[in-house]
>>> print(open('query_37.csv').read())   # CSV, C-alpha atoms
chain,number,residue,atom,x,y,z
Q,1,MET,CA,145.9,198.7,142.5
Q,2,GLY,CA,144.3,196.3,145.0
Q,3,ALA,CA,144.8,196.2,148.7
Q,4,ARG,CA,148.5,195.8,149.7
Q,5,ILE,CA,150.0,194.9,153.0
Q,6,LEU,CA,153.7,195.1,154.1
Q,7,HIS,CA,154.3,192.4,156.7
Q,8,VAL,CA,157.4,192.7,158.9
Q,9,SER,CA,158.1,190.6,162.0
Q,10,ASP,CA,160.7,190.0,164.7
Q,11,LEU,CA,162.5,193.4,164.6
Q,12,HIS,CA,164.3,192.6,167.9
Q,13,ILE,CA,165.1,196.3,168.4
Q,14,GLY,CA,168.0,196.5,170.9
Q,15,ALA,CA,170.0,193.6,169.5
Q,16,HIS,CA,172.5,194.0,166.6
Q,17,GLU,CA,170.6,196.8,165.0
Q,18,ASP,CA,171.8,197.9,161.5
Q,19,PRO,CA,171.0,201.5,160.3
Q,20,ALA,CA,171.3,200.3,156.7
Q,21,VAL,CA,168.5,197.8,157.2
Q,22,GLU,CA,166.2,200.5,158.6
Q,23,ARG,CA,167.0,202.9,155.7
Q,24,ALA,CA,166.3,200.2,153.2
Q,25,LEU,CA,163.1,199.3,154.9
Q,26,GLN,CA,161.9,202.9,154.7
Q,27,ALA,CA,162.9,203.0,151.0
Q,28,PHE,CA,161.1,199.7,150.4
Q,29,ALA,CA,157.9,200.9,152.0
Q,30,ALA,CA,158.1,204.1,149.9
Q,31,ARG,CA,158.3,202.0,146.7
Q,32,GLU,CA,155.6,199.5,147.7
Q,33,GLN,CA,153.1,202.1,149.0
Q,34,PRO,CA,151.2,199.6,151.2
Q,35,GLU,CA,147.8,200.4,152.6
Q,36,LEU,CA,148.9,198.9,155.9
Q,37,VAL,CA,152.1,197.8,157.7
Q,38,VAL,CA,151.6,194.7,159.8
Q,39,ALA,CA,154.2,194.0,162.5
Q,40,SER,CA,153.7,190.5,164.0
Q,41,GLY,CA,155.5,190.7,167.3
Q,42,ASP,CA,159.0,190.6,168.8
Q,43,LEU,CA,159.3,194.3,168.0
Q,44,THR,CA,161.9,194.5,170.8
Q,45,HIS,CA,164.6,192.2,172.1
Q,46,ARG,CA,164.3,192.8,175.9
Q,47,ALA,CA,161.0,194.8,176.2
Q,48,ARG,CA,162.8,197.8,177.6
Q,49,ARG,CA,161.0,201.2,177.4
Q,50,GLU,CA,163.6,202.7,175.0
Q,51,GLN,CA,163.4,199.6,172.8
Q,52,HIS,CA,159.6,199.9,172.5
Q,53,GLU,CA,159.9,203.6,171.7
Q,54,ARG,CA,162.5,202.9,169.1
Q,55,ALA,CA,160.4,200.2,167.5
Q,56,ALA,CA,157.3,202.4,167.4
Q,57,GLU,CA,159.3,205.3,165.9
Q,58,LEU,CA,160.7,203.0,163.2
Q,59,LEU,CA,157.4,201.5,162.2
Q,60,ARG,CA,155.4,204.7,162.3
Q,61,GLY,CA,158.2,206.5,160.5
Q,62,LEU,CA,157.5,204.4,157.4
Q,63,GLY,CA,154.6,206.7,156.8
Q,64,PHE,CA,151.7,204.3,156.6
Q,65,PRO,CA,149.1,203.0,159.1
Q,66,VAL,CA,150.6,200.3,161.4
Q,67,LEU,CA,148.9,197.3,163.1
Q,68,ALA,CA,151.2,195.7,165.7
Q,69,VAL,CA,150.7,192.8,168.0
Q,70,PRO,CA,153.1,191.7,170.8
Q,71,GLY,CA,155.5,188.8,170.7
Q,72,ASN,CA,157.1,186.9,173.5
Q,73,HIS,CA,160.2,189.2,173.5
Q,74,ASP,CA,157.9,192.2,174.0
Q,75,ILE,CA,157.3,191.4,177.7
Q,76,PRO,CA,160.1,191.6,180.3
Q,77,TRP,CA,162.1,188.8,181.7
Q,78,ALA,CA,162.0,190.2,185.2
Q,79,PHE,CA,159.3,189.5,187.9
Q,80,SER,CA,157.1,192.2,186.2
Q,81,ARG,CA,156.5,189.6,183.4
Q,82,LEU,CA,153.9,188.1,185.8
Q,83,THR,CA,152.6,191.2,187.4
Q,84,HIS,CA,152.3,193.7,184.5
Q,85,PRO,CA,153.9,192.2,181.5
Q,86,PHE,CA,152.5,194.5,178.8
Q,87,ALA,CA,153.0,197.8,180.5
Q,88,GLU,CA,155.7,199.1,178.1
Q,89,PHE,CA,153.9,197.7,175.0
Q,90,ASP,CA,150.7,199.3,176.1
Q,91,ARG,CA,152.5,202.7,176.5
Q,92,VAL,CA,153.3,202.9,172.8
Q,93,TRP,CA,150.5,200.9,171.1
Q,94,PRO,CA,146.8,201.5,171.4
Q,95,ALA,CA,145.7,197.8,171.7
Q,96,ARG,CA,147.1,194.3,171.9
Q,97,GLU,CA,144.3,193.1,169.7
Q,98,PRO,CA,144.0,196.0,167.2
Q,99,VAL,CA,141.7,196.1,164.2
Q,100,TYR,CA,142.2,197.9,160.9
Q,101,GLY,CA,139.2,198.3,158.6
Q,102,SER,CA,138.6,199.8,155.1
Q,103,SER,CA,136.7,198.9,152.0
Q,104,THR,CA,139.6,196.8,150.8
Q,105,LEU,CA,141.2,195.4,154.0
Q,106,HIS,CA,140.0,194.1,157.3
Q,107,VAL,CA,142.8,193.1,159.6
Q,108,VAL,CA,142.4,191.7,163.1
Q,109,GLY,CA,145.2,191.4,165.6
Q,110,ILE,CA,145.4,188.5,168.1
Q,111,ASP,CA,147.5,188.4,171.3
Q,112,SER,CA,149.2,185.0,171.4
Q,113,VAL,CA,151.7,185.8,174.2
Q,114,ARG,CA,151.5,183.7,177.4
Q,115,PRO,CA,153.5,185.5,180.1
Q,116,TRP,CA,154.1,182.3,182.1
Q,117,ARG,CA,155.8,180.7,179.1
Q,118,GLN,CA,159.2,181.8,177.7
Q,119,GLN,CA,158.7,180.9,174.0
Q,120,SER,CA,155.4,179.1,173.3
Q,121,GLY,CA,152.2,180.9,172.7
Q,122,GLY,CA,148.5,180.3,172.7
Q,123,VAL,CA,145.1,181.9,172.0
Q,124,SER,CA,142.4,181.5,174.6
Q,125,PRO,CA,138.8,180.5,173.5
Q,126,ALA,CA,137.7,184.0,174.5
Q,127,GLY,CA,140.5,185.5,172.3
Q,128,LEU,CA,139.4,183.4,169.4
Q,129,ALA,CA,135.7,184.4,170.0
Q,130,ARG,CA,136.8,188.1,169.9
Q,131,ALA,CA,138.8,187.6,166.7
Q,132,ALA,CA,135.8,185.8,165.1
Q,133,GLU,CA,133.4,188.6,166.0
Q,134,ARG,CA,135.8,191.3,164.7
Q,135,LEU,CA,136.4,189.4,161.4
Q,136,GLY,CA,132.7,189.4,161.0
Q,137,ARG,CA,132.6,193.2,160.8
Q,138,ALA,CA,134.5,193.2,157.5
Q,139,GLU,CA,133.1,195.2,154.5
Q,140,PRO,CA,131.9,192.9,151.7
Q,141,GLY,CA,134.8,192.0,149.5
Q,142,ALA,CA,137.5,193.2,151.9
Q,143,LEU,CA,140.5,190.9,152.4
Q,144,ARG,CA,140.0,189.4,155.9
Q,145,VAL,CA,143.3,188.9,157.7
Q,146,ALA,CA,144.3,187.6,161.2
Q,147,VAL,CA,147.6,188.5,162.7
Q,148,LEU,CA,149.4,186.8,165.6
Q,149,HIS,CA,153.0,186.3,166.6
Q,150,HIS,CA,153.3,182.6,167.0
Q,151,GLN,CA,153.3,180.5,163.9
Q,152,LEU,CA,150.6,178.2,162.6
Q,153,LEU,CA,152.6,176.8,159.8
Q,154,GLY,CA,155.6,174.5,160.2
Q,155,ALA,CA,159.0,176.1,159.5
Q,156,PRO,CA,160.6,174.9,156.3
Q,157,TRP,CA,163.9,174.4,158.2
Q,158,ARG,CA,164.5,172.9,161.6
Q,159,THR,CA,163.4,175.0,164.6
Q,160,TYR,CA,162.9,174.2,168.3
Q,161,LYS,CA,160.1,176.8,168.5
Q,162,LYS,CA,156.7,175.2,168.9
Q,163,PRO,CA,153.7,176.5,166.9
Q,164,VAL,CA,150.8,178.2,168.7
Q,165,ALA,CA,149.1,175.8,171.1
Q,166,ARG,CA,146.1,173.9,169.7
Q,167,ARG,CA,147.0,175.3,166.3
Q,168,GLY,CA,144.4,173.1,164.5
Q,169,ASP,CA,141.6,174.6,166.7
Q,170,VAL,CA,143.0,178.1,166.1
Q,171,LEU,CA,143.2,177.6,162.3
Q,172,ARG,CA,139.6,176.1,162.2
Q,173,ALA,CA,138.2,178.9,164.3
Q,174,LEU,CA,139.7,181.6,162.2
Q,175,ALA,CA,138.9,179.9,158.9
Q,176,ASP,CA,135.3,179.5,160.0
Q,177,ALA,CA,135.2,183.1,161.0
Q,178,GLY,CA,136.1,184.1,157.4
Q,179,ALA,CA,139.8,184.7,157.5
Q,180,GLU,CA,141.4,184.5,154.1
Q,181,LEU,CA,144.9,185.1,155.3
Q,182,ILE,CA,146.5,184.3,158.6
Q,183,VAL,CA,150.0,185.7,159.3
Q,184,GLY,CA,152.6,185.3,162.0
Q,185,GLY,CA,156.4,185.2,162.7
Q,186,HIS,CA,158.4,183.9,165.6
Q,187,VAL,CA,160.6,181.4,163.8
Q,188,HIS,CA,162.6,183.8,161.6
Q,189,GLN,CA,161.9,181.7,158.5
Q,190,SER,CA,159.5,182.2,155.6
Q,191,ALA,CA,156.7,179.7,155.0
Q,192,VAL,CA,153.5,180.1,152.9
Q,193,ALA,CA,150.8,177.6,152.1
Q,194,GLU,CA,147.1,177.3,151.4
Q,195,ARG,CA,145.3,175.3,154.1
Q,196,ARG,CA,144.3,172.6,151.7
Q,197,GLU,CA,147.9,171.9,150.8
Q,198,PHE,CA,148.5,170.4,154.3
Q,199,GLU,CA,145.1,169.5,155.7
Q,200,VAL,CA,142.2,167.5,154.4
Q,201,VAL,CA,139.1,169.6,154.8
Q,202,ALA,CA,135.5,169.2,153.8
Q,203,ASP,CA,134.4,169.6,150.2
Q,204,GLY,CA,133.5,173.1,149.3
Q,205,SER,CA,135.7,174.7,152.0
Q,206,GLN,CA,137.0,178.1,151.2
Q,207,PRO,CA,140.8,178.8,150.7
Q,208,VAL,CA,142.8,180.1,153.6
Q,209,VAL,CA,146.4,181.2,153.1
Q,210,VAL,CA,148.8,180.8,156.1
Q,211,ALA,CA,152.0,182.7,156.0
Q,212,VAL,CA,155.0,183.2,158.3
Q,213,ALA,CA,157.4,186.1,157.7
Q,214,PRO,CA,161.1,185.9,158.4
Q,215,GLY,CA,162.5,188.4,160.8
Q,216,ILE,CA,163.7,191.9,160.1
Q,217,GLY,CA,166.1,191.8,163.0
Q,218,HIS,CA,169.1,189.4,163.3
Q,219,PRO,CA,169.6,189.0,167.1
Q,220,ARG,CA,171.6,185.8,166.8
Q,221,PRO,CA,173.9,186.3,163.8
Q,222,GLY,CA,175.7,183.0,164.3
Q,223,ARG,CA,172.5,180.8,164.4
Q,224,ALA,CA,171.9,178.8,161.3
Q,225,GLY,CA,168.4,178.5,160.0
Q,226,GLU,CA,167.2,182.1,160.7
Q,227,ALA,CA,166.5,184.2,157.6
Q,228,ARG,CA,166.1,187.9,157.3
Q,229,GLY,CA,163.3,189.2,155.1
Q,230,LEU,CA,159.7,190.4,154.8
Q,231,HIS,CA,156.4,189.7,153.0
Q,232,VAL,CA,154.2,191.7,150.8
Q,233,TYR,CA,150.5,190.6,150.3
Q,234,GLU,CA,148.5,192.1,147.5
Q,235,VAL,CA,144.9,191.5,146.2
Q,236,GLU,CA,145.0,191.3,142.4
Q,237,GLY,CA,141.4,190.7,141.2
Q,238,THR,CA,140.3,187.3,142.4
Q,239,THR,CA,143.8,186.3,143.5
Q,240,LEU,CA,146.0,186.9,146.5
Q,241,ALA,CA,149.7,187.4,145.7
Q,242,VAL,CA,152.4,186.7,148.4
Q,243,ARG,CA,155.8,188.0,147.7
Q,244,THR,CA,158.8,187.1,149.8
Q,245,HIS,CA,161.8,189.5,149.9
Q,246,VAL,CA,165.1,188.7,151.6
Q,247,TRP,CA,167.9,191.0,152.8
Q,248,LEU,CA,170.7,190.7,150.2
Q,249,ASP,CA,173.3,193.2,148.9
Q,250,GLY,CA,171.9,196.0,151.0
Q,251,ASP,CA,168.3,195.8,149.9
Q,252,TRP,CA,165.2,193.7,150.2
Q,253,LEU,CA,165.2,191.6,147.0
Q,254,LEU,CA,162.4,189.5,145.7
Q,255,THR,CA,163.1,185.8,146.2
Q,256,GLY,CA,159.7,184.2,145.7
Q,257,GLU,CA,156.1,184.9,144.6
Q,258,ARG,CA,153.0,182.8,145.0
Q,259,ARG,CA,149.4,183.3,143.9
Q,260,TYR,CA,146.3,181.9,145.5
Q,261,GLY,CA,142.6,182.0,144.6
Q,262,ARG,CA,140.6,184.2,146.9
Q,263,ARG,CA,137.7,183.1,149.1
Q,264,SER,CA,134.4,183.8,147.4
Q,265,VAL,CA,132.7,186.6,149.3
Q,266,SER,CA,129.0,186.9,149.4
Q,267,PRO,CA,127.5,190.4,150.0
Q,268,ARG,CA,125.8,191.1,153.3
Q,269,PRO,CA,122.0,190.6,153.2
>>> encode(input="query_37.csv", output="structure tokens")
Amino acid sequence: MGARILHVSDLHIGAHEDPAVERALQAFAAREQPELVVASGDLTHRARREQHERAAELLRGLGFPVLAVPGNHDIPWAFSRLTHPFAEFDRVWPAREPVYGSSTLHVVGIDSVRPWRQQSGGVSPAGLARAAERLGRAEPGALRVAVLHHQLLGAPWRTYKKPVARRGDVLRALADAGAELIVGGHVHQSAVAERREFEVVADGSQPVVVAVAPGIGHPRPGRAGEARGLHVYEVEGTTLAVRTHVWLDGDWLLTGERRYGRRSVSPRP
């Protein structure tokens, strides 16, 4: 079996939680046996201490390594949003820009949260430089993945949520740094595409898959256009498979599968 990632996003712990969803997520992870669980932000709904602790307990309780990045809901709405916004996130997670590395996977977290904004996110030039340097540490042949909360890919259904600021620059910087897969969340809708499907790039450019996972949580049950689901990414030889599962009939059921050719990887000199 090649490298496998379970990607969950937007848990929104603290809003309309459903124990059946959590039990099914644990069973799903046990079936899939991922090398890594990626959680791309909005782990909590109101960034309260008990919500952060519950989210960490749920994710770590899946029994696999977890790489988590913050989302805009993971910082408080009070004045502390400007003075020490990440205090509770930092209590339960070792880093806001974590890195996971193995012979098969190299995953780099990016903090796209801007405390002075309510919804929109961005990545500073320094943040992109750090991500590029960390992507460059990958073992030869390992799948190189960048993770942030705010989406780079347009939602398939209408949404008022803007993509990450300067998303063209962010995409180019991560692609140039060797990222083969860039994943996010934020819009509660699934979207997957290879860069060359939506952008004209230079001849000979390497493929980069951009994916947005739907949310695990369902904080606004009455809002149309917000799906509930998760993604699984798996390296299968020279291809990258992306499988979308949705919450239906009490389980996470496969609704779509896409396969992309992998970036050619040259061994280090």
>>> closest_residue(input="query_37.csv", among="Q:Pro65, Q:Gly225, Q:Gly261, Q:Pro125", to="Q:Val242", atoms="only C-alpha atoms")
Q:Gly261
>>> atom_distance(input="query_37.csv", atom1="atom CA of Q:Ala193", atom2="atom CA of Q:Leu174")
15.5 Å
>>> residues_near_point(input="query_37.csv", point="(156.4, 188.2, 169.1)", cutoff="6 Å", atoms="all atoms listed in the file", output="ChimeraX atom specification")
/Q:41-42,70-73,149,186
>>> atom_distance(input="query_37.csv", atom1="atom CA of Q:Thr244", atom2="atom CA of Q:Val66")
19.4 Å
>>> residues_around(input="query_37.csv", residues="stretch 102-115 of chain Q", least_positions_apart="6", cutoff="7 Å", atoms="only C-alpha atoms", output="list in words")
Ala3, Val69, Pro70, Gly71, Asn72, Arg81, Leu82, Pro85, Arg96, Gly121, Gly122, Val123, Ala131, Arg134, Leu135, Ala138, Glu139, Gly141, Ala142, Leu143, Arg144, Val145, Ala146, Val147, Leu148, His149 and His150 of chain Q
>>> closest_residue(input="query_37.csv", among="Q:Gly256, Q:Ala165, Q:Asp203, Q:Leu6", to="Q:Ala191", atoms="all atoms listed in the file")
Q:Gly256
>>> residues_around(input="query_37.csv", residues="Q:Trp252", least_positions_apart="4", cutoff="10 Å", atoms="all atoms listed in the file", output="list of chain:residue names")
Q:Val21, Q:Ala24, Q:Leu25, Q:Ala27, Q:Phe28, Q:Arg228, Q:Gly229, Q:Leu230, Q:Thr244, Q:His245, Q:Val246, Q:Trp247, Q:Leu248
>>> closest_residue(input="query_37.csv", among="Q:Gln206, Q:Ser124, Q:Thr238, Q:Ser9", to="Q:Ser40", atoms="all atoms listed in the file")
Q:Ser9
>>> decode(input="query_37.csv", residues="stretch 69-163 of chain Q", atoms="C-alpha atoms", output="mmCIF file, in the first residue's frame")
data_model
loop_
_atom_site.group_PDB
_atom_site.id
_atom_site.type_symbol
_atom_site.label_atom_id
_atom_site.label_comp_id
_atom_site.auth_asym_id
_atom_site.auth_seq_id
_atom_site.Cartn_x
_atom_site.Cartn_y
_atom_site.Cartn_z
ATOM 1 C CA VAL Q 69 -3.508 23.804 11.286
ATOM 2 C CA PRO Q 70 -5.730 26.595 12.654
ATOM 3 C CA GLY Q 71 -8.788 28.066 10.975
ATOM 4 C CA ASN Q 72 -10.534 31.387 11.477
ATOM 5 C CA HIS Q 73 -12.912 29.804 14.012
ATOM 6 C CA ASP Q 74 -9.980 28.573 16.104
ATOM 7 C CA ILE Q 75 -9.247 32.034 17.470
ATOM 8 C CA PRO Q 76 -11.618 33.876 19.840
ATOM 9 C CA TRP Q 77 -14.132 36.537 18.935
ATOM 10 C CA ALA Q 78 -13.279 38.604 22.036
ATOM 11 C CA PHE Q 79 -10.573 41.275 22.386
ATOM 12 C CA SER Q 80 -8.025 38.496 22.922
ATOM 13 C CA ARG Q 81 -8.361 37.847 19.177
ATOM 14 C CA LEU Q 82 -5.931 40.744 18.727
ATOM 15 C CA THR Q 83 -3.763 40.292 21.829
ATOM 16 C CA HIS Q 84 -3.144 36.530 22.027
ATOM 17 C CA PRO Q 85 -5.402 34.882 19.422
ATOM 18 C CA PHE Q 86 -3.733 31.466 19.324
ATOM 19 C CA ALA Q 87 -3.342 30.874 23.058
ATOM 20 C CA GLU Q 88 -5.856 28.005 23.243
ATOM 21 C CA PHE Q 89 -4.809 26.416 19.955
ATOM 22 C CA ASP Q 90 -1.182 26.488 21.086
ATOM 23 C CA ARG Q 91 -2.114 24.750 24.347
ATOM 24 C CA VAL Q 92 -3.157 21.564 22.575
ATOM 25 C CA TRP Q 93 -1.121 21.554 19.349
ATOM 26 C CA PRO Q 94 2.690 21.697 19.120
ATOM 27 C CA ALA Q 95 2.861 24.139 16.193
ATOM 28 C CA ARG Q 96 0.717 26.265 13.880
ATOM 29 C CA GLU Q 97 2.978 25.349 10.965
ATOM 30 C CA PRO Q 98 3.680 21.672 11.699
ATOM 31 C CA VAL Q 99 5.669 19.298 9.513
ATOM 32 C CA TYR Q 100 5.290 15.548 9.104
ATOM 33 C CA GLY Q 101 8.008 13.646 7.281
ATOM 34 C CA SER Q 102 8.546 10.010 6.320
ATOM 35 C CA SER Q 103 9.943 8.105 3.362
ATOM 36 C CA THR Q 104 6.500 8.220 1.713
ATOM 37 C CA LEU Q 105 4.936 11.520 2.883
ATOM 38 C CA HIS Q 106 6.174 15.045 3.498
ATOM 39 C CA VAL Q 107 3.390 17.324 4.747
ATOM 40 C CA VAL Q 108 3.842 21.004 5.615
ATOM 41 C CA GLY Q 109 1.254 23.031 7.521
ATOM 42 C CA ILE Q 110 0.678 26.719 6.757
ATOM 43 C CA ASP Q 111 -1.082 29.235 9.003
ATOM 44 C CA SER Q 112 -3.496 31.242 6.834
ATOM 45 C CA VAL Q 113 -5.459 32.857 9.691
ATOM 46 C CA ARG Q 114 -5.454 36.664 9.944
ATOM 47 C CA PRO Q 115 -6.715 37.726 13.393
ATOM 48 C CA TRP Q 116 -7.768 41.163 12.160
ATOM 49 C CA ARG Q 117 -10.139 39.545 9.642
ATOM 50 C CA GLN Q 118 -13.301 37.630 10.441
ATOM 51 C CA GLN Q 119 -13.345 35.190 7.519
ATOM 52 C CA SER Q 120 -10.692 35.851 4.914
ATOM 53 C CA GLY Q 121 -7.196 34.439 5.159
ATOM 54 C CA GLY Q 122 -3.750 35.034 3.759
ATOM 55 C CA VAL Q 123 -0.190 33.779 3.813
ATOM 56 C CA SER Q 124 2.642 36.241 4.285
ATOM 57 C CA PRO Q 125 5.753 36.157 2.063
ATOM 58 C CA ALA Q 126 7.687 34.949 5.120
ATOM 59 C CA GLY Q 127 5.151 32.167 5.642
ATOM 60 C CA LEU Q 128 5.480 31.076 2.024
ATOM 61 C CA ALA Q 129 9.269 31.133 2.306
ATOM 62 C CA ARG Q 130 9.121 28.914 5.401
ATOM 63 C CA ALA Q 131 6.769 26.500 3.650
ATOM 64 C CA ALA Q 132 9.019 26.348 0.581
ATOM 65 C CA GLU Q 133 12.087 25.648 2.688
ATOM 66 C CA ARG Q 134 10.291 22.876 4.573
ATOM 67 C CA LEU Q 135 8.912 21.301 1.408
ATOM 68 C CA GLY Q 136 12.482 21.155 0.167
ATOM 69 C CA ARG Q 137 13.409 18.796 3.005
ATOM 70 C CA ALA Q 138 11.288 15.952 1.605
ATOM 71 C CA GLU Q 139 12.775 12.534 1.075
ATOM 72 C CA PRO Q 140 13.167 11.612 -2.606
ATOM 73 C CA GLY Q 141 9.895 10.202 -3.913
ATOM 74 C CA ALA Q 142 7.806 11.269 -0.918
ATOM 75 C CA LEU Q 143 4.473 12.912 -1.712
ATOM 76 C CA ARG Q 144 4.884 16.608 -0.910
ATOM 77 C CA VAL Q 145 1.751 18.173 0.536
ATOM 78 C CA ALA Q 146 0.892 21.701 1.717
ATOM 79 C CA VAL Q 147 -2.009 22.217 4.138
ATOM 80 C CA LEU Q 148 -3.822 25.461 4.964
ATOM 81 C CA HIS Q 149 -7.346 26.347 6.050
ATOM 82 C CA HIS Q 150 -8.443 28.855 3.416
ATOM 83 C CA GLN Q 151 -9.246 27.511 -0.023
ATOM 84 C CA LEU Q 152 -7.229 28.044 -3.187
ATOM 85 C CA LEU Q 153 -9.805 26.395 -5.430
ATOM 86 C CA GLY Q 154 -13.191 27.941 -6.214
ATOM 87 C CA ALA Q 155 -16.139 26.263 -4.552
ATOM 88 C CA PRO Q 156 -18.367 24.264 -6.944
ATOM 89 C CA TRP Q 157 -21.486 25.857 -5.440
ATOM 90 C CA ARG Q 158 -22.035 29.465 -4.474
ATOM 91 C CA THR Q 159 -20.221 30.775 -1.420
ATOM 92 C CA TYR Q 160 -19.521 34.198 0.035
ATOM 93 C CA LYS Q 161 -16.197 33.039 1.474
ATOM 94 C CA LYS Q 162 -13.225 34.487 -0.355
ATOM 95 C CA PRO Q 163 -10.233 32.287 -1.225
#
